[in-house]
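Worksheet: one structure, shown below.
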Amino acid sequence: MKKRILGKSSLIVSPIAFGANVFGWTLDEKESFYMLDDFIDAGFNFIDTADTYSKWVAGNKGGESETIIGKWIKKRKNREDIIIATKLGGELGPDEKGLGATYIRKAVEASLKRLQTDYIDLYQAHYDDPDTPQVETMEAFDKLVKEGKVRFIGASNLSAARIRSAIELSRENKLAEYVSVQPLYNLYDREKYETEYADLVNEYQLGVLPYYSLASGFLSGKYRRDNDLKKSPRGGGVKKYLNDRGMKILDALEVIAAKRDASPARIALAWLLHKPGITAPIASATSSKQFRELIMSSQVALSLQEMQFLDQESAF
């Protein structure tokens, strides 16, 4: 398994980032530890989380995922062997959101405490904050980098225009700049990334960490009708894919999967890994079977003809 450099940073990451949004949600602490152990034992090193994970679960308040990761790091004593990406800006509570300088300082200290570490490898703006001047945000991030609390910064759900203006502002003021973007991108959700972000990525040599790489599990092939949505707590997020285009994509994945004696999920992740500029798709697993698919996707070498076929069948 060949690791990749994230954009123009010095971070060398595995070709799959483990999506830790499942920690404290569909995986409890013990199960999360098992999954992290297997991930690292397989030679992978990249974990993606956020301070809001998993606030949406009844009884949670946010920070559960970071807390689990922090306990695991402390127990395994392996901080230098892993790359941690986390995010801030999502709403945790009253006056606990956004990208203002004061809140950035508060949020990073809270994440560091939960993660039980003194630095974050990649600190990302989870959502935009139009009410805060971008110069204030970038100056705050720059201070964290200079202090060593953060190694590099990235952006998630910001528009390409806002990422561009933030990078240009950073260059004008000699501040730390975004080295990565975390967009929605998969075989079904192609249009926004390919029409809005791809040129930006090429121009600024950004690393790309697609989220919902399997379209909330839809591209695994296990959801084909409404009744299938009951198979998982995440099933509700799949309903929008149950249409003619979605079925065409699943059929195409199954054609390639059958030829390679592989699963549709493995082929869908491999497609992303073969796309120019993509660094590491973010994907989660809640079982040993799902975990094997993540690992084995990085070993699939799709042919040019197979890529063209998948591109054609998933055209938007």
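Going through the structure tokens in order, the chains are called A, B, and so on, while each chain numbers its residues from 1 and the ligands are numbered from 1 in the order shown.
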
DSSP-assigned strand (DSSP E or B) among segment 7-256 of chain A, expressed as an MDAnalysis selection string: chainID A and resid 12:13 17:19 23 27 46:48 83:88 93 96 120:127 150:157 178:181 184 207:208 211

DSSP helix (DSSP H, G or I) selection over segment 10-165 of chain A, as a PyMOL selection string: chain A and resi 20-22+29-41+64-76+79-81+101-115+134-147+160-165

Distance criterion (only C-alpha atoms): nearest to Gly217 of chain A out of A:Ser314, A:Thr286, A:Gln182, A:Asn243: A:Thr286

Shell of 6 Å around segment 115-120 of chain A, only C-alpha atoms, local chain residues under 3 positions omitted, as a PyMOL selection string: chain A and resi 66-67+70+111-112+149-150

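The smallest atom-to-atom distance between Pro281 of chain A and any of A:Trp72, A:Phe309, A:Phe46, A:Tyr103, using only C-alpha atoms, is found for A:Phe46.
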
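Of the residues listed (A:Val135, A:Ala262, A:Ile12, A:Leu294), A:Val135 shows the shortest atom-to-atom separation from Arg162 of chain A; distances use only C-alpha atoms.
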
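Of the listed residues (A:Phe141, A:Tyr204, A:Tyr197, A:Trp271), A:Tyr197 comes nearest to Ser159 of chain A; the distances count only C-alpha atoms.
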
Test item: residues at most 10 Å from segment 250-253 of chain A, only C-alpha atoms, excluding those fewer than 3 positions along its chain, as a PyMOL selection string: chain A and resi 187-188+218-224+244-247+256-258+262-268+271+306+309-314

Residue nearest Trp56 of chain A among A:Gly24, A:Phe39, A:His274, A:Glu29 (counting only C-alpha atoms): A:Gly24

Residue contacts of segment 78-91 of chain A (6 Å, only C-alpha atoms) excluding same-chain residues fewer than 5 positions away, as number ranges by chain: A: 45-51, 73, 96-99, 121-127

Shell of 10 Å around Thr102 of chain A, only C-alpha atoms, local chain residues under 6 positions omitted, as a ChimeraX atom specification: /A:136-137,140

Mind checking which residues fall within 9 Å of Met296 of chain A, counting only C-alpha atoms, ignoring those fewer than 4 positions away in the same chain, and posting them as a compact mmCIF listing (two decimals) with N, CA and C atoms, in the first residue's frame?
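Result file follows (selection_17.txt):
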# COMPACT_ATOMS: atom_id res chain seq x y z
N ARG A 266 -15.97 -1.90 -3.04
CA ARG A 266 -14.53 -1.90 -3.34
C ARG A 266 -14.26 -1.19 -4.66
N ALA A 270 -12.28 2.34 -5.35
CA ALA A 270 -11.15 2.28 -6.28
C ALA A 270 -11.31 3.34 -7.38
N PHE A 291 -14.76 -3.43 6.79
CA PHE A 291 -13.38 -2.99 6.94
C PHE A 291 -12.49 -3.61 5.86
N ARG A 292 -12.69 -4.88 5.57
CA ARG A 292 -11.90 -5.55 4.53
C ARG A 292 -12.09 -4.87 3.18
N VAL A 300 -6.95 -2.35 -5.70
CA VAL A 300 -7.58 -2.57 -7.01
C VAL A 300 -6.99 -1.61 -8.04

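Between Lys30 of chain A and the candidates A:Gly237, A:Ile249, A:Val108, A:Ile68, the tightest atom-to-atom separation, counting only C-alpha atoms, involves A:Ile68.
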